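For reference, coords.cif (mmCIF, C-alpha atoms):
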```cif
data_data
loop_
_atom_site.label_atom_id
_atom_site.label_comp_id
_atom_site.auth_asym_id
_atom_site.auth_seq_id
_atom_site.Cartn_x
_atom_site.Cartn_y
_atom_site.Cartn_z
CA MET I 5 5.18 0.73 11.73
CA TYR I 6 7.15 1.94 8.72
CA LEU I 7 4.38 4.46 7.94
CA ILE I 8 6.14 6.46 5.24
CA THR I 9 8.13 3.43 4.06
CA ARG I 10 4.88 1.56 3.54
CA LEU I 11 3.48 4.36 1.40
CA LYS I 12 6.63 4.52 -0.73
CA TYR I 13 6.59 0.76 -1.21
CA ILE I 14 2.94 0.70 -2.24
CA GLN I 15 3.31 3.62 -4.63
CA ARG I 16 6.37 2.00 -6.19
CA PHE I 17 4.59 -1.22 -7.15
CA THR I 18 0.87 -0.41 -7.46
CA ASN I 19 0.80 1.10 -10.96
CA ASN I 20 2.79 -1.67 -12.67
CA VAL I 21 1.07 -4.53 -10.86
CA GLN I 22 -2.44 -3.28 -11.58
CA LYS I 23 -1.72 -2.34 -15.20
CA LYS I 24 -0.12 -5.71 -15.96
CA ALA I 25 -2.84 -7.66 -14.16
CA LEU I 26 -5.66 -5.89 -15.94
CA SER I 27 -3.92 -5.99 -19.31
CA LYS I 28 -3.12 -9.70 -19.09
CA TYR I 29 -6.68 -10.65 -18.16
CA TYR I 30 -8.14 -8.30 -20.74
CA PHE I 31 -5.93 -9.44 -23.61
CA SER I 32 -6.17 -13.16 -22.83
CA THR I 33 -9.95 -12.93 -22.69
CA TYR I 34 -10.73 -10.66 -25.61
CA SER I 35 -7.42 -10.21 -27.51
CA GLN I 36 -7.92 -6.46 -27.73
CA GLN I 37 -5.35 -3.71 -27.34
CA ALA I 38 -5.63 -1.05 -24.67
CA GLN I 39 -5.42 2.51 -25.96
CA ALA I 40 -3.03 4.98 -24.38
CA SER I 41 -4.36 8.24 -23.05
CA GLU I 42 -4.73 10.84 -25.81
CA ASP I 43 -3.57 13.54 -23.44
CA ASN I 44 -0.40 11.74 -22.40
CA LYS I 45 1.10 9.03 -24.58
CA THR I 46 3.26 7.76 -21.71
CA ALA I 47 0.39 7.45 -19.24
CA ALA I 48 -0.93 4.04 -18.23
CA PRO I 49 -3.86 3.07 -20.47
CA ASN I 50 -7.41 2.97 -19.21
CA LEU I 51 -9.16 -0.30 -19.98
CA GLU I 52 -12.82 -0.73 -20.73
CA ARG I 53 -14.83 -2.86 -18.35
CA PHE I 54 -15.22 -6.23 -20.05
CA TRP I 55 -17.23 -8.24 -17.51
CA LYS I 56 -20.81 -8.16 -16.31
CA ALA I 57 -20.47 -9.37 -12.73
CA SER I 58 -17.92 -10.39 -10.10
CA THR I 59 -18.86 -12.85 -7.38
CA VAL I 60 -17.33 -15.01 -4.66
CA GLU I 61 -17.56 -18.79 -4.76
CA SER I 62 -16.52 -21.28 -2.10
CA CYS I 63 -14.08 -24.08 -2.88
CA ASP I 64 -12.33 -26.83 -0.93
CA GLU I 65 -9.43 -24.52 -0.03
CA GLY I 66 -11.59 -21.51 0.81
CA PHE I 67 -12.91 -18.94 -1.65
CA LYS I 68 -12.37 -17.74 -5.22
CA VAL I 69 -13.38 -14.55 -6.99
CA LYS I 70 -15.25 -15.16 -10.23
CA ILE I 71 -15.29 -12.64 -13.07
CA ASP I 72 -18.23 -13.70 -15.22
CA THR I 73 -17.40 -17.35 -16.00
CA ARG I 74 -13.69 -17.23 -15.19
CA TYR I 75 -11.86 -17.26 -11.88
CA LEU I 76 -9.56 -14.37 -11.06
CA LYS I 77 -5.84 -15.05 -11.50
CA THR I 78 -2.79 -13.04 -10.52
CA THR I 79 -0.51 -11.20 -12.93
CA LYS I 80 1.60 -14.34 -13.36
CA GLY I 81 -1.45 -16.51 -13.97
CA THR I 82 -1.62 -18.08 -10.52
CA PRO I 83 -5.19 -18.98 -9.46
CA LEU I 84 -6.22 -16.61 -6.67
CA ILE I 85 -7.48 -18.62 -3.70
CA PHE I 86 -8.45 -17.08 -0.36
CA SER I 87 -8.23 -19.23 2.76
CA LYS I 88 -11.35 -20.10 4.74
CA ASN I 89 -10.77 -17.24 7.18
CA GLN I 90 -10.42 -14.70 4.34
CA GLU I 91 -14.01 -14.66 3.13
CA ILE I 92 -14.33 -10.95 3.90
CA CYS I 93 -11.18 -10.13 1.94
CA ALA I 94 -12.44 -12.18 -1.01
CA ALA I 95 -15.77 -10.36 -0.89
CA LEU I 96 -14.01 -6.99 -0.83
CA VAL I 97 -11.86 -7.90 -3.84
CA ALA I 98 -15.00 -8.97 -5.73
CA ALA I 99 -16.71 -5.74 -4.69
CA GLU I 100 -13.70 -3.76 -5.90
CA TRP I 101 -14.06 -5.28 -9.38
CA GLU I 102 -17.84 -4.89 -9.29
CA SER I 103 -17.52 -1.19 -8.45
CA GLN I 104 -15.54 -0.41 -11.61
CA LYS I 105 -17.39 1.75 -14.08
CA LYS I 106 -17.07 1.92 -17.85
CA THR I 107 -13.30 2.31 -17.79
CA ILE I 108 -10.67 1.17 -15.29
CA SER I 109 -7.61 3.22 -14.43
CA ALA I 110 -4.33 1.74 -13.24
CA HIS I 111 -5.07 3.00 -9.72
CA SER I 112 -8.57 1.67 -9.28
CA LEU I 113 -7.90 -1.78 -7.75
CA PRO I 114 -5.65 -1.17 -4.72
CA LEU I 115 -6.82 -4.20 -2.71
CA THR I 116 -6.47 -6.51 -5.71
CA SER I 117 -2.95 -5.19 -6.21
CA ILE I 118 -1.94 -6.01 -2.64
CA VAL I 119 -3.34 -9.54 -2.84
CA PHE I 120 -1.71 -10.17 -6.23
CA ARG I 121 1.63 -8.95 -4.93
CA SER I 122 1.48 -11.25 -1.92
CA VAL I 123 1.00 -14.27 -4.19
CA ASP I 124 3.30 -13.43 -7.09
CA GLY I 125 6.27 -11.92 -5.29
CA MET I 126 6.24 -13.12 -1.69
CA SER I 127 5.25 -16.77 -1.69
CA THR I 128 8.66 -18.11 -0.63
CA GLN I 129 10.76 -17.25 2.40
CA ASP I 130 13.71 -16.29 0.17
CA GLU I 131 11.54 -13.74 -1.65
CA ARG I 132 10.24 -12.29 1.61
CA THR I 133 13.74 -12.09 3.10
CA LYS I 134 15.02 -10.19 0.07
CA ILE I 135 12.13 -7.74 0.34
CA THR I 136 12.58 -7.11 4.06
CA ASN I 137 16.32 -6.59 3.55
CA ASP I 138 15.49 -3.95 0.95
CA LEU I 139 12.77 -2.34 3.06
CA ILE I 140 14.93 -1.94 6.14
CA LYS I 141 17.14 0.43 4.14
CA TYR I 142 14.17 2.78 3.82
CA PHE I 143 13.61 2.69 7.57
CA LYS I 144 16.98 4.35 8.13
CA THR I 145 15.89 7.34 6.03
CA ASP I 146 12.17 7.29 6.79
CA THR I 147 10.60 10.76 6.69
CA ILE I 148 9.03 10.25 10.10
CA LEU I 149 12.52 10.14 11.65
CA PHE I 150 13.66 13.45 10.11
CA GLN I 151 11.78 16.26 11.77
CA ASN I 152 11.81 20.05 11.53
CA ASP I 153 12.08 22.47 14.42
CA TYR I 154 10.02 25.07 12.55
CA PRO I 155 7.43 26.29 11.61
CA GLU I 156 5.39 25.93 14.78
CA LYS I 157 2.41 24.31 13.05
CA LEU I 158 4.58 21.56 11.56
CA VAL I 159 6.35 20.96 14.87
CA ASP I 160 2.96 20.61 16.54
CA LEU I 161 1.76 18.11 13.92
CA GLN I 162 4.97 16.09 14.27
CA ALA I 163 4.39 15.86 18.02
CA LYS I 164 0.74 14.85 17.63
CA CYS I 165 0.99 12.49 14.64
CA TRP I 166 4.53 11.11 14.53
CA ALA I 167 5.80 11.03 18.11
CA PRO I 168 3.15 8.52 19.34
CA ILE I 169 4.09 6.09 16.55
CA ILE I 170 7.78 6.28 17.41
CA ASP I 171 7.05 5.95 21.14
CA TRP I 172 4.91 2.89 20.46
CA ALA I 173 7.66 1.26 18.37
CA ASN I 174 10.27 1.98 21.05
CA GLU I 175 8.10 0.34 23.71
CA LYS I 176 6.98 -2.63 21.60
CA PHE I 177 10.47 -3.58 20.43
CA GLN I 178 12.35 -2.33 23.50
CA VAL I 179 14.64 -0.13 21.43
CA GLN I 180 15.52 3.53 21.06
CA ILE I 181 14.83 4.77 17.54
CA ASN I 182 16.85 7.88 16.79
CA VAL I 183 15.04 10.98 15.52
CA PHE I 184 17.01 13.66 13.67
CA THR I 185 16.62 17.38 13.00
CA SER I 186 19.57 17.49 10.61
CA LEU I 187 20.75 15.59 7.54
CA PHE I 188 24.22 15.16 9.05
CA ASN I 189 25.42 12.47 11.48
CA THR I 190 22.23 10.47 11.01
CA VAL I 191 23.28 7.04 12.23
CA GLN I 192 20.34 4.88 13.24
CA ASN I 193 20.42 2.65 16.30
CA LYS I 194 21.68 -0.76 15.10
CA ASN I 195 19.67 -2.60 17.73
CA ALA I 196 16.48 -0.96 16.44
CA VAL I 197 17.32 -1.86 12.84
CA ASP I 198 18.08 -5.49 13.74
CA LYS I 199 14.91 -5.96 15.80
CA LEU I 200 12.64 -4.42 13.17
CA LEU I 201 14.23 -6.60 10.50
CA GLU I 202 13.80 -9.73 12.61
CA TYR I 203 10.17 -8.87 13.32
CA SER I 204 9.25 -8.15 9.69
CA ASN I 205 10.92 -11.39 8.57
CA GLY I 206 8.13 -13.19 10.42
CA PHE I 207 5.35 -11.55 8.40
CA SER I 208 3.03 -13.66 6.28
CA PRO I 209 3.07 -12.93 2.52
CA LEU I 210 -0.12 -10.87 2.74
CA LYS I 211 0.99 -8.93 5.80
CA LEU I 212 4.32 -8.16 4.16
CA ALA I 213 2.55 -7.00 0.99
CA ALA I 214 0.34 -4.74 3.09
CA LEU I 215 3.20 -3.83 5.45
CA VAL I 216 0.90 -2.74 8.22
CA GLU I 217 0.84 -3.35 11.95
CA GLY I 218 -2.49 -1.78 12.85
CA ARG I 219 -1.23 0.63 15.51
CA ILE I 220 -3.27 3.56 14.17
CA SER I 221 -6.47 4.00 12.19
CA VAL I 222 -6.67 4.65 8.46
CA GLU I 223 -7.64 8.27 9.08
CA GLU I 224 -4.75 8.77 11.51
CA ALA I 225 -2.30 7.20 9.06
CA ALA I 226 -3.53 9.42 6.22
CA LYS I 227 -3.07 12.51 8.36
CA ALA I 228 0.37 11.41 9.55
CA ALA I 229 1.48 10.91 5.94
CA ARG I 230 0.32 14.42 4.97
CA ILE I 231 1.42 16.63 7.83
CA GLU I 232 3.84 18.64 5.67
CA ALA I 233 1.08 19.38 3.14
CA ILE I 234 -1.32 20.21 5.98
CA SER I 235 1.22 22.57 7.54
CA GLN I 236 1.95 24.34 4.25
CA SER I 237 -1.73 24.78 3.47
CA LYS I 238 -2.14 26.73 6.72
CA TYR I 239 0.28 29.33 5.37
CA TRP I 240 -0.23 29.24 1.61
CA GLY I 241 -3.73 27.88 1.29
CA SER I 242 -4.76 24.78 -0.62
CA PHE I 243 -5.49 24.14 -4.27
CA GLU I 244 -9.20 23.72 -4.76
CA ASN I 245 -10.05 20.01 -5.07
CA ALA I 246 -6.39 18.97 -5.51
CA HIS I 247 -5.53 18.49 -1.84
CA GLU I 248 -8.90 16.92 -1.12
CA MET I 249 -8.40 14.47 -3.98
CA ASP I 250 -4.91 13.54 -2.77
CA GLU I 251 -6.27 12.89 0.70
CA ALA I 252 -9.16 10.82 -0.62
CA LEU I 253 -6.90 8.64 -2.79
CA LEU I 254 -4.42 8.15 0.04
CA THR I 255 -7.20 7.22 2.46
CA ARG I 256 -8.62 4.78 -0.08
CA ASP I 257 -5.25 3.06 -0.55
CA LEU I 258 -4.63 2.88 3.20
CA GLY I 259 -8.14 1.52 3.64
CA ALA I 260 -7.33 -1.23 1.14
CA ILE I 261 -4.21 -2.07 3.13
CA SER I 262 -6.23 -2.35 6.32
CA CYS I 263 -8.96 -4.44 4.67
CA SER I 264 -6.46 -6.91 3.24
CA LEU I 265 -5.80 -8.37 6.70
CA ILE I 266 -9.41 -8.68 7.89
CA GLU I 267 -10.19 -12.25 8.92
CA SER I 268 -13.57 -13.81 9.62
#
```
Can the structure in the file be given as structure tokens, please?
Amino acid sequence: MYLITRLKYIQRFTNNVQKKALSKYYFSTYSQQAQASEDNKTAAPNLERFWKASTVESCDEGFKVKIDTRYLKTTKGTPLIFSKNQEICAALVAAEWESQKKTISAHSLPLTSIVFRSVDGMSTQDERTKITNDLIKYFKTDTILFQNDYPEKLVDLQAKCWAPIIDWANEKFQVQINVFTSLFNTVQNKNAVDKLLEYSNGFSPLKLAALVEGRISVEEAAKAARIEAISQSKYWGSFENAHEMDEALLTRDLGAISCSLIES
């Protein structure tokens, strides 16, 4: 559900959330300044790893992630507490911090970013309603609903990767989502918009932050999000390492989304 919308939403918030979270924890602990990249003064700074170990500890409410002697907090300073059925998610967040090397980039904690966002920006129903009202606007112009009738390879990928998702949504919500091959007269079915909005308004904070329904696998989602690049590479070839790196990063981020909702 909302495949391309979900990717846009994640990409829009991930950099700022992770950079602020890391910077706040880093500065409050050691009062040091992060240095901007020498190659690009406007790039997000890389921070040096400042902890020795990250672990999970149980508490009355559930579980906490501990960074050395301090418990992990969100960007706004809210103590991060996982419920009793989120032990796996807590362990994965701890593992994400433990896996960091000498320096940490702004993109290296995707699961932490999702969890932070669910606590800091989606804890109240009013906040979640505002977000879903904004997100539904993207649904009306979602890339998956604007399809080409050429070249043949792209048309084939659309049929294999996109059509099953749309068919599933139509059946699940008993609607008819309009698909367009032109940028003109693109009015979306109001019933579909209303039902998707109503459904997403019932999401928990974490599910809304992840914005995932679980209809397809991580690998299938990564392929569906890249069909235009895949199609073009068949004609023009691919840049060595570049396309593989893009796919790996996308798969990693989608994997983090999927892992955020694992319950034990």
Just say which residues the PyMOL selection byres ((chain I and resi 228) around 10) picks in this file, as a PyMOL selection string. chain I and resi 7-8+148+161-162+164-166+169+220+222-227+229-232+234
Run through the PyMOL selection byres ((chain I and resi 209) around 8) on the given coordinates and return the selected residues as a PyMOL selection string. chain I and resi 122-123+126-127+132+207-208+210-213
Looking at I:Leu76, I:Cys63, I:Ala233, I:Ile261, which one is nearest to Glu91 of chain I, with distances taken over all atoms listed in the file? I:Cys63
At a cut-off of 8 Å, using only C-alpha atoms, what residues contact Glu102 of chain I? Leave out same-chain residues fewer than 4 positions from it and give the result as JSON, numbers by chain. {"I": [57, 58, 98]}
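Note that atom CA of Asp160 of chain I and atom CA of Ile181 of chain I are 19.8 Å apart.
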From the list I:Glu52, I:Phe120, I:Leu113, I:Phe150, which residue is nearest Lys80 of chain I when using all atoms listed in the file?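 Distance minimum relative to Lys80 of chain I lands on I:Phe120.
Going from atom CA of Ser235 of chain I over to atom CA of Lys157 of chain I, you cover 5.9 Å.
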Non-local contacts of Lys105 of chain I (12 Å; all atoms listed in the file; under 6 positions in same chain excluded) as a list in words: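 Returned residues: Asn50, Leu51, Glu52, Arg53, Phe54, Trp55, Lys56, Ala57, Ser112 and Leu113 of chain I.
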Output C-alpha atoms of each residue in that selection to a file, as a PDB file, in the coordinates of the input.
```
ATOM      1  CA  ASN I  50      -7.410   2.970 -19.210  1.00  0.00           C
ATOM      2  CA  LEU I  51      -9.160  -0.300 -19.980  1.00  0.00           C
ATOM      3  CA  GLU I  52     -12.820  -0.730 -20.730  1.00  0.00           C
ATOM      4  CA  ARG I  53     -14.830  -2.860 -18.350  1.00  0.00           C
ATOM      5  CA  PHE I  54     -15.220  -6.230 -20.050  1.00  0.00           C
ATOM      6  CA  TRP I  55     -17.230  -8.240 -17.510  1.00  0.00           C
ATOM      7  CA  LYS I  56     -20.810  -8.160 -16.310  1.00  0.00           C
ATOM      8  CA  ALA I  57     -20.470  -9.370 -12.730  1.00  0.00           C
ATOM      9  CA  SER I 112      -8.570   1.670  -9.280  1.00  0.00           C
ATOM     10  CA  LEU I 113      -7.900  -1.780  -7.750  1.00  0.00           C
TER      11      LEU I 113
END
```
Leu115 of chain I: which residues within 8 Å, counting all atoms listed in the file, same-chain residues fewer than 6 positions away excluded, as a PDB file with C-alpha atoms, in the coordinates of the input?
```pdb
ATOM      1  CA  LEU I  96     -14.010  -6.990  -0.830  1.00  0.00           C
ATOM      2  CA  VAL I  97     -11.860  -7.900  -3.840  1.00  0.00           C
ATOM      3  CA  GLU I 100     -13.700  -3.760  -5.900  1.00  0.00           C
ATOM      4  CA  ASP I 257      -5.250   3.060  -0.550  1.00  0.00           C
ATOM      5  CA  ALA I 260      -7.330  -1.230   1.140  1.00  0.00           C
ATOM      6  CA  ILE I 261      -4.210  -2.070   3.130  1.00  0.00           C
ATOM      7  CA  CYS I 263      -8.960  -4.440   4.670  1.00  0.00           C
ATOM      8  CA  SER I 264      -6.460  -6.910   3.240  1.00  0.00           C
TER       9      SER I 264
END
```
For Phe188 of chain I, which of I:Asp64, I:Ile135, I:Thr145, I:Asp130 is the closest residue, counting all atoms listed in the file? I:Thr145
Return the single residue from I:Lys199, I:Lys194, I:Lys68, I:Lys88 that is closest to Gln178 of chain I, with distances computed using all atoms listed in the file.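 Comparing I:Lys199, I:Lys194, I:Lys68, I:Lys88 against Gln178 of chain I, the winner is I:Lys199.
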Apply the PyMOL selection byres ((chain I and resi 153) around 12) to the displayed file and report the matching residues as number ranges by chain. I: 150-152, 154-163, 183-186
Selected residue, from I:Tyr75, I:Phe143, I:Tyr203, I:Phe67, that lies nearest to Phe177 of chain I when counting all atoms listed in the file: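 Closest candidate: I:Tyr203.
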Atom CA of Thr82 of chain I to atom CA of Asn205 of chain I, distance in Å rounded to a single decimal: 23.8 Å
Can I get segment 111-122 of chain I with all heavy atoms filled in, as an mmCIF file, keeping the file's coordinate frame?
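The new file part31.cif reads:
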```
data_model
loop_
_atom_site.group_PDB
_atom_site.id
_atom_site.type_symbol
_atom_site.label_atom_id
_atom_site.label_comp_id
_atom_site.auth_asym_id
_atom_site.auth_seq_id
_atom_site.Cartn_x
_atom_site.Cartn_y
_atom_site.Cartn_z
ATOM 1 N N HIS I 111 -5.077 2.804 -11.171
ATOM 2 C CA HIS I 111 -5.070 3.000 -9.720
ATOM 3 C C HIS I 111 -6.341 2.500 -9.048
ATOM 4 O O HIS I 111 -6.508 2.681 -7.848
ATOM 5 C CB HIS I 111 -4.932 4.497 -9.401
ATOM 6 C CG HIS I 111 -3.767 5.154 -10.053
ATOM 7 N ND1 HIS I 111 -2.490 5.084 -9.536
ATOM 8 C CD2 HIS I 111 -3.673 5.885 -11.189
ATOM 9 C CE1 HIS I 111 -1.664 5.753 -10.327
ATOM 10 N NE2 HIS I 111 -2.351 6.245 -11.333
ATOM 11 N N SER I 112 -7.222 1.887 -9.800
ATOM 12 C CA SER I 112 -8.570 1.670 -9.280
ATOM 13 C C SER I 112 -8.795 0.344 -8.565
ATOM 14 O O SER I 112 -9.903 0.067 -8.132
ATOM 15 C CB SER I 112 -9.589 1.799 -10.423
ATOM 16 O OG SER I 112 -9.329 0.833 -11.427
ATOM 17 N N LEU I 113 -7.754 -0.488 -8.427
ATOM 18 C CA LEU I 113 -7.900 -1.780 -7.750
ATOM 19 C C LEU I 113 -6.804 -1.961 -6.699
ATOM 20 O O LEU I 113 -5.998 -2.889 -6.773
ATOM 21 C CB LEU I 113 -7.847 -2.919 -8.775
ATOM 22 C CG LEU I 113 -8.963 -2.963 -9.818
ATOM 23 C CD1 LEU I 113 -8.608 -3.942 -10.932
ATOM 24 C CD2 LEU I 113 -10.288 -3.340 -9.179
ATOM 25 N N PRO I 114 -6.752 -1.101 -5.694
ATOM 26 C CA PRO I 114 -5.650 -1.170 -4.720
ATOM 27 C C PRO I 114 -5.627 -2.461 -3.906
ATOM 28 O O PRO I 114 -4.556 -3.008 -3.646
ATOM 29 C CB PRO I 114 -5.885 0.051 -3.829
ATOM 30 C CG PRO I 114 -7.340 0.369 -3.989
ATOM 31 C CD PRO I 114 -7.670 0.020 -5.405
ATOM 32 N N LEU I 115 -6.789 -2.964 -3.498
ATOM 33 C CA LEU I 115 -6.820 -4.200 -2.710
ATOM 34 C C LEU I 115 -6.399 -5.392 -3.559
ATOM 35 O O LEU I 115 -5.635 -6.252 -3.111
ATOM 36 C CB LEU I 115 -8.218 -4.418 -2.134
ATOM 37 C CG LEU I 115 -8.402 -5.667 -1.264
ATOM 38 C CD1 LEU I 115 -7.403 -5.687 -0.117
ATOM 39 C CD2 LEU I 115 -9.835 -5.737 -0.736
ATOM 40 N N THR I 116 -6.877 -5.444 -4.791
ATOM 41 C CA THR I 116 -6.470 -6.510 -5.710
ATOM 42 C C THR I 116 -4.960 -6.501 -5.899
ATOM 43 O O THR I 116 -4.311 -7.553 -5.926
ATOM 44 C CB THR I 116 -7.166 -6.333 -7.073
ATOM 45 O OG1 THR I 116 -8.583 -6.392 -6.889
ATOM 46 C CG2 THR I 116 -6.742 -7.412 -8.053
ATOM 47 N N SER I 117 -4.392 -5.314 -6.021
ATOM 48 C CA SER I 117 -2.950 -5.190 -6.210
ATOM 49 C C SER I 117 -2.171 -5.776 -5.042
ATOM 50 O O SER I 117 -1.178 -6.490 -5.229
ATOM 51 C CB SER I 117 -2.581 -3.708 -6.387
ATOM 52 O OG SER I 117 -1.191 -3.535 -6.420
ATOM 53 N N ILE I 118 -2.618 -5.494 -3.825
ATOM 54 C CA ILE I 118 -1.940 -6.010 -2.640
ATOM 55 C C ILE I 118 -1.994 -7.536 -2.603
ATOM 56 O O ILE I 118 -0.990 -8.212 -2.348
ATOM 57 C CB ILE I 118 -2.573 -5.420 -1.363
ATOM 58 C CG1 ILE I 118 -2.339 -3.914 -1.300
ATOM 59 C CG2 ILE I 118 -2.003 -6.094 -0.116
ATOM 60 C CD1 ILE I 118 -3.154 -3.214 -0.231
ATOM 61 N N VAL I 119 -3.175 -8.082 -2.868
ATOM 62 C CA VAL I 119 -3.340 -9.540 -2.840
ATOM 63 C C VAL I 119 -2.505 -10.199 -3.930
ATOM 64 O O VAL I 119 -1.830 -11.207 -3.692
ATOM 65 C CB VAL I 119 -4.828 -9.910 -2.989
ATOM 66 C CG1 VAL I 119 -4.992 -11.422 -3.057
ATOM 67 C CG2 VAL I 119 -5.643 -9.349 -1.822
ATOM 68 N N PHE I 120 -2.531 -9.632 -5.140
ATOM 69 C CA PHE I 120 -1.710 -10.170 -6.230
ATOM 70 C C PHE I 120 -0.241 -10.179 -5.850
ATOM 71 O O PHE I 120 0.480 -11.150 -6.089
ATOM 72 C CB PHE I 120 -1.899 -9.329 -7.496
ATOM 73 C CG PHE I 120 -3.133 -9.654 -8.289
ATOM 74 C CD1 PHE I 120 -4.115 -10.485 -7.786
ATOM 75 C CD2 PHE I 120 -3.319 -9.114 -9.551
ATOM 76 C CE1 PHE I 120 -5.256 -10.778 -8.512
ATOM 77 C CE2 PHE I 120 -4.447 -9.401 -10.297
ATOM 78 C CZ PHE I 120 -5.418 -10.232 -9.775
ATOM 79 N N ARG I 121 0.212 -9.080 -5.274
ATOM 80 C CA ARG I 121 1.630 -8.950 -4.930
ATOM 81 C C ARG I 121 2.046 -9.986 -3.893
ATOM 82 O O ARG I 121 3.156 -10.522 -3.939
ATOM 83 C CB ARG I 121 1.898 -7.530 -4.428
ATOM 84 C CG ARG I 121 3.362 -7.211 -4.230
ATOM 85 C CD ARG I 121 3.597 -5.707 -4.152
ATOM 86 N NE ARG I 121 2.938 -5.085 -3.025
ATOM 87 C CZ ARG I 121 1.957 -4.194 -3.129
ATOM 88 N NH1 ARG I 121 1.497 -3.852 -4.307
ATOM 89 N NH2 ARG I 121 1.424 -3.644 -2.059
ATOM 90 N N SER I 122 1.150 -10.276 -2.959
ATOM 91 C CA SER I 122 1.480 -11.250 -1.920
ATOM 92 C C SER I 122 1.636 -12.652 -2.485
ATOM 93 O O SER I 122 2.399 -13.464 -1.954
ATOM 94 C CB SER I 122 0.390 -11.253 -0.837
ATOM 95 O OG SER I 122 -0.810 -11.847 -1.301
#
```
